[in-house]
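Reading through the structure tokens given below for one structure.
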Amino acid sequence: MVSPRAVVVGPPGSGKSTVGPMLAAALDVPFRDSDDDIVTRAGRPIADIFAEDGEPAFRALEEEVVATALEEHDGVLSLGGGAPLTPGTRARLAQHTVVFLNVGLAAGVQRTGLSTARPLLAGVNPRATFKTLLDARLPVYREVATVEIETDHRSPDEVVAAVLAALKPGQVRQQ
């Protein structure tokens with residue numbers, strides 16, 4: 001059975017899309033992003049899926065895509081910020097090395113720029129929405145995490161180094 005070397009989770013702005021490929025390169029394994037898989041399968045952007053089909057439909061599709069990726073990908077897999085919210089995905093993650101990239105409110109807001117491309121951050125008060133999202137998801141991220149890495153005051157290279165240092169020696173391929 002194929003299994004990812006590491007699964008990267010965290011809220012928007014934590015660095016999953018930046019750190020994930022860098023971590024994969026450091027481990028000399030392929031990188032995969034479940035959000036890219038969703039867009040490919042649906043044939044449209046995530047924001048459109050949310051707007052046209054709603055969040056429940058998006059989460060169902062996301063859960064299917066994550067299940068497939070966990071079964072067939074052997075590198076570093078980054079998940080969308082809300083992927084661990086579904087019980088099925090949490091159960092599947094229990095069998096994997098999960099790296100939680102933690103980001104605080106100020107750094108997360110700065111990094112996301114409160115982008116309207118992020119459906120759950122759109123609204124009247126995106127900063128308050130981001131705080132609510134962080135507060136609600138933190139326990140879920142910690143529940144699934146094997147490793148937690150703070151990212152607020154670290155460059156992407158420093159985050160990758162911290163992840164590599166935290167992973168068990170058997171998870172890092174020796175050169």
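By order in the structure tokens, chains are A, B, ...; within a chain, residues start at 1; ligands start at 1, following the order shown.
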
Taking 4 positions as the minimum chain separation for residues in the same chain, which residues sit within 9 Å of A:Leu134 when counting only C-alpha atoms? Answer as number ranges by chain. A: 11, 103-105, 129-130, 138

Residue subset to file, keeping N, CA and C atoms, as a tab-separated table (two decimals), in the first residue's frame:
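Writing the result to out17.tsv gives the following:
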```tsv
chain	number	residue	atom	x	y	z
A	11	PRO	N	-4.48	26.14	8.77
A	11	PRO	CA	-5.44	27.14	8.28
A	11	PRO	C	-4.88	27.91	7.08
A	103	VAL	N	-0.48	28.88	12.49
A	103	VAL	CA	-0.27	30.30	12.24
A	103	VAL	C	-1.22	31.09	13.14
A	104	GLY	N	-0.73	32.17	13.71
A	104	GLY	CA	-1.56	33.02	14.54
A	104	GLY	C	-2.40	33.97	13.71
A	105	LEU	N	-3.29	34.67	14.39
A	105	LEU	CA	-4.22	35.57	13.71
A	105	LEU	C	-3.51	36.64	12.89
A	129	THR	N	-13.87	36.82	10.88
A	129	THR	CA	-14.16	35.51	10.30
A	129	THR	C	-12.93	34.61	10.41
A	130	PHE	N	-11.75	35.17	10.13
A	130	PHE	CA	-10.50	34.40	10.23
A	130	PHE	C	-10.26	33.95	11.67
A	138	LEU	N	-8.53	24.96	15.45
A	138	LEU	CA	-7.31	24.61	16.19
A	138	LEU	C	-7.41	23.25	16.87
```

Could you give me the residues within stretch 63-105 of chain A that DSSP places in alpha helix (DSSP H), as a list in words?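 Here are the alpha helix (DSSP H) residues of stretch 63-105 of chain A: Glu63, Glu64, Val65, Val66, Ala67, Thr68, Ala69, Leu70, Glu71, Glu72, Pro87, Gly88, Thr89, Arg90, Ala91, Arg92, Leu93 and Leu105 of chain A.
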
Write out the residues from the selection above, keeping C-alpha atoms, as an mmCIF file, in the first residue's frame.
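That gives us out34.cif:
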```
data_model
loop_
_atom_site.group_PDB
_atom_site.id
_atom_site.type_symbol
_atom_site.label_atom_id
_atom_site.label_comp_id
_atom_site.auth_asym_id
_atom_site.auth_seq_id
_atom_site.Cartn_x
_atom_site.Cartn_y
_atom_site.Cartn_z
ATOM 1 C CA GLU A 63 -13.329 14.049 1.385
ATOM 2 C CA GLU A 64 -13.385 11.810 -1.714
ATOM 3 C CA VAL A 65 -10.350 13.537 -3.213
ATOM 4 C CA VAL A 66 -8.374 13.324 0.045
ATOM 5 C CA ALA A 67 -9.218 9.622 0.459
ATOM 6 C CA THR A 68 -7.929 8.924 -3.051
ATOM 7 C CA ALA A 69 -4.754 10.954 -2.525
ATOM 8 C CA LEU A 70 -4.006 9.213 0.785
ATOM 9 C CA GLU A 71 -4.263 5.846 -0.965
ATOM 10 C CA GLU A 72 -2.188 6.602 -4.057
ATOM 11 C CA PRO A 87 -14.922 12.827 10.437
ATOM 12 C CA GLY A 88 -14.002 10.483 7.571
ATOM 13 C CA THR A 89 -10.900 12.469 6.734
ATOM 14 C CA ARG A 90 -9.889 12.685 10.412
ATOM 15 C CA ALA A 91 -10.195 8.899 10.686
ATOM 16 C CA ARG A 92 -8.063 8.401 7.569
ATOM 17 C CA LEU A 93 -5.411 10.841 8.826
ATOM 18 C CA LEU A 105 -4.221 35.566 13.711
#
```

Which of these residues is nearest to A:Asp35, using only C-alpha atoms: A:Thr146, A:Thr18, A:Ser78, A:Ser155?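 That would be A:Ser78, the residue with the smallest distance to A:Asp35.
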
Need to verify the contact set: A:Gly82, 10 Å, only C-alpha atoms, exclusion of same-chain residues closer than 6 positions in sequence. Can you return it as a list in words?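 Result of the neighbour search: Val9, Gly10, Pro11, Pro12, Arg59, Glu62, Leu120, Leu133, Arg137, Val140 and Tyr141 of chain A.
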
Please save N, CA, C and O atoms of the selected residues as a CSV table (one decimal), in the first residue's frame.
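Result file is again_39.csv:
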```csv
chain,number,residue,atom,x,y,z
A,9,VAL,N,-1.3,20.0,7.0
A,9,VAL,CA,-2.5,20.6,7.3
A,9,VAL,C,-2.3,21.9,8.0
A,9,VAL,O,-1.2,22.2,8.6
A,10,GLY,N,-3.3,22.8,8.0
A,10,GLY,CA,-3.3,24.1,8.7
A,10,GLY,C,-4.3,25.0,8.1
A,10,GLY,O,-4.8,24.8,7.0
A,11,PRO,N,-4.5,26.1,8.8
A,11,PRO,CA,-5.4,27.1,8.3
A,11,PRO,C,-4.9,27.9,7.1
A,11,PRO,O,-3.7,27.8,6.8
A,12,PRO,N,-5.7,28.7,6.4
A,12,PRO,CA,-5.2,29.6,5.4
A,12,PRO,C,-4.1,30.4,5.9
A,12,PRO,O,-4.2,30.9,7.0
A,59,ARG,N,-17.4,19.9,0.7
A,59,ARG,CA,-16.7,19.0,1.7
A,59,ARG,C,-16.8,17.6,1.3
A,59,ARG,O,-15.9,16.8,1.5
A,62,GLU,N,-14.3,17.1,-1.4
A,62,GLU,CA,-13.0,17.2,-0.8
A,62,GLU,C,-12.6,15.9,-0.1
A,62,GLU,O,-11.5,15.3,-0.2
A,120,LEU,N,-14.2,31.0,2.5
A,120,LEU,CA,-14.6,31.1,3.9
A,120,LEU,C,-14.1,32.4,4.6
A,120,LEU,O,-14.5,32.7,5.7
A,133,LEU,N,-12.6,31.1,12.5
A,133,LEU,CA,-12.1,29.9,11.8
A,133,LEU,C,-10.9,29.3,12.6
A,133,LEU,O,-10.9,28.1,12.8
A,137,ARG,N,-11.0,25.6,14.4
A,137,ARG,CA,-10.3,24.6,13.8
A,137,ARG,C,-9.0,24.1,14.6
A,137,ARG,O,-8.6,23.0,14.4
A,140,VAL,N,-9.2,20.7,16.1
A,140,VAL,CA,-9.2,19.7,15.0
A,140,VAL,C,-7.8,19.4,14.5
A,140,VAL,O,-7.4,18.3,14.3
A,141,TYR,N,-7.1,20.5,14.2
A,141,TYR,CA,-5.7,20.3,13.7
A,141,TYR,C,-4.9,19.6,14.7
A,141,TYR,O,-4.1,18.7,14.3
```

One decimal, in Å: what's the spacing between atom CA of A:Ala25 and atom CA of A:Val7? 14.2 Å

Between A:Leu77, A:Ala6, A:Val99, A:Ala42, which has the minimum distance to A:Arg142 (counting only C-alpha atoms)?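 When distances to A:Arg142 are compared using only C-alpha atoms, the smallest one comes from A:Val99.
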
Calculate how many Å separate atom CA of A:Pro56 from atom CA of A:Leu79, rounding to one decimal. 16.9 Å

List every residue of chain A that DSSP, applied to the backbone of this structure, assigns to strand (DSSP E or B), and report them as a PyMOL selection string. chain A and resi 6-9+31-33+76-78+98-102+147-150

Length of the atom CA of A:Thr86 to atom CA of A:Leu27 vector [Å]: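 Atom-to-atom, atom CA of A:Thr86 and atom CA of A:Leu27 are spaced 28.5 Å apart.
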
Need the shell around A:Asp74: protein/DNA/RNA residues with any atom at most 10 Å away, counting only C-alpha atoms. Skip same-chain ones fewer than 5 positions apart. Format as a ChimeraX atom specification? /A:1-6,29-32,69

Given only C-alpha atoms as the basis, pick out the residue of A:Pro156, A:Pro139, A:Pro21, A:Gly13 nearest to A:Gly75.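 Closest to A:Gly75 of all the choices is A:Pro21.
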